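Report on the following structure.
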Amino acid sequence: MSNFRDTLEPIAAWFSALGVPEPIVHWGHPAMMGIVLFVMGSFVGLTGWKSRTLKEKDPDAAAKNRLDHRKIAPLMFVFIALGYTGGVLSLVMQNESIFESPHFWTGSAIIALLSLNGLLAAVNFGGGTLRAAHAYIGSAALVLFVVHAALGLNLGLSI
């Protein structure tokens, strides 16, 4: 696994050479990801579930929520993937272990869940049969995000 760290060291060194203040290196990732999670994540989750629950009662509202969900969810994924990368680089810049961190593993699991959900959406939910799986996988990712945030706070306070 040291090859992974060795690959990231030059990138981390480049960022370190920029003179980024230590508090930004230390707390920038959690601050930015907190915004993405609580603003975009809650919006994506709520619009996704509203599109499901309003389908029978208010088809127009359901369609609007589905459209909003489709607009924001891919952007949220991009920001989360970039934040994941930034978080790993932050660990390298602070000379911290990567693979021993439960925060790293929950982040990796979230990326996997969101990738699976994106794939389900890309294949049109298998003709609709996997739409419920998409909803529950996305919800599981959001719940795991709460655990991830708690582990991240613990990590940040321990460094």
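Chain lettering (A, B, ...) mirrors the order of the structure tokens, residue numbering begins at 1 for each chain separately, and ligand numbering begins at 1 in order of display.
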(message) Residues near segment 10-23 of chain A, anyone? I mean within 8 Å using only C-alpha atoms, not counting same-chain ones fewer than 2 positions away, as a ChimeraX atom specification.
(response) /A:6-8,25-28,89-90,92-93
(request) Would you kindly return, as a PyMOL selection string, each protein, DNA or RNA residue with an atom no farther than 10 Å from any atom of Tyr84 of chain A, considering only C-alpha atoms and excluding same-chain residues fewer than 2 positions away? (result) chain A and resi 29+33+78-82+86-90+104+107-108+110-111
Export of prior selection with C-alpha atoms as a PDB file, in the first residue's frame:
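Saved as result16.pdb:
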```pdb
ATOM      1  CA  HIS A  29     -11.883  19.140   3.702  1.00  0.00           C
ATOM      2  CA  MET A  33     -17.626  18.392   2.518  1.00  0.00           C
ATOM      3  CA  VAL A  78     -18.593  15.124  -8.579  1.00  0.00           C
ATOM      4  CA  PHE A  79     -18.096  17.322  -5.515  1.00  0.00           C
ATOM      5  CA  ILE A  80     -17.989  14.286  -3.235  1.00  0.00           C
ATOM      6  CA  ALA A  81     -15.449  12.525  -5.466  1.00  0.00           C
ATOM      7  CA  LEU A  82     -13.284  15.665  -5.540  1.00  0.00           C
ATOM      8  CA  GLY A  86      -8.853  16.227  -1.290  1.00  0.00           C
ATOM      9  CA  GLY A  87      -9.365  14.408   2.004  1.00  0.00           C
ATOM     10  CA  VAL A  88      -6.851  11.714   1.067  1.00  0.00           C
ATOM     11  CA  LEU A  89      -4.344  14.354  -0.032  1.00  0.00           C
ATOM     12  CA  SER A  90      -4.931  16.216   3.224  1.00  0.00           C
ATOM     13  CA  PHE A 104     -11.115   6.664   4.804  1.00  0.00           C
ATOM     14  CA  GLY A 107     -15.614   7.521   2.509  1.00  0.00           C
ATOM     15  CA  SER A 108     -14.620   4.723   0.142  1.00  0.00           C
ATOM     16  CA  ILE A 110     -19.863   6.062   0.173  1.00  0.00           C
ATOM     17  CA  ILE A 111     -18.109   6.537  -3.177  1.00  0.00           C
TER      18      ILE A 111
END
```
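Nearest residue to Lys71 of chain A among A:Thr47, A:Asn95, A:Thr53, A:Ser115 is A:Thr47, counting only C-alpha atoms.
Distance-wise, atom CA of Pro102 of chain A and atom CA of Leu155 of chain A end up 9.0 Å apart.
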(request) Find the residue from A:Lys64, A:Glu9, A:Ser97, A:Ser42 that sits nearest to Leu142 of chain A; use only C-alpha atoms when measuring. (result)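 Residue with the minimum atom-to-atom distance to Leu142 of chain A: A:Ser42.
Picture a line from atom CA of Met76 of chain A to atom CA of Val36 of chain A; it runs 6.9 Å.
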(request) From the DSSP assignment of the backbone, select every residue of segment 30-105 of chain A that is helix (DSSP H, G or I), and format the answer as a PyMOL selection string. (result) chain A and resi 30-53+59-93+102-105
(message) Between atom CA of Gly127 of chain A and atom CA of Phe145 of chain A, what is the distance in Å, rounded to a tenth?
(response)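 These atoms are spaced 28.6 Å apart.
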(message) Using only C-alpha atoms, which protein or nucleic acid residues come within 10 Å of Ala121 of chain A? Drop anything in the same chain fewer than 3 positions from it, and give the result as a ChimeraX atom specification.
(response) /A:70,115-118,124-126,128,130-131,134
(request) Within 8 Å of Ala62 of chain A, counting only C-alpha atoms, which residues show up once you throw out same-chain ones fewer than 2 positions away? Write them as a list of chain:residue names, please. (result)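 Neighbouring residues, sequence-local ones excluded: A:Lys50, A:Ser51, A:Arg52, A:Thr53, A:Leu54, A:Lys55, A:Asp58, A:Pro59, A:Asp60, A:Lys64, A:Asn65, A:Arg66.
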(request) Find, counting only C-alpha atoms, the residue in A:Leu114, A:Val123, A:Val39, A:Met32 that gets nearest to Ala140 of chain A. (result)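 Under the stated criterion, the closest residue is A:Leu114.
You can rank A:Leu91, A:Ala149, A:Val44, A:Ile137 by their closest distance to Leu67 of chain A using only C-alpha atoms, and at the top of that list sits A:Val44.
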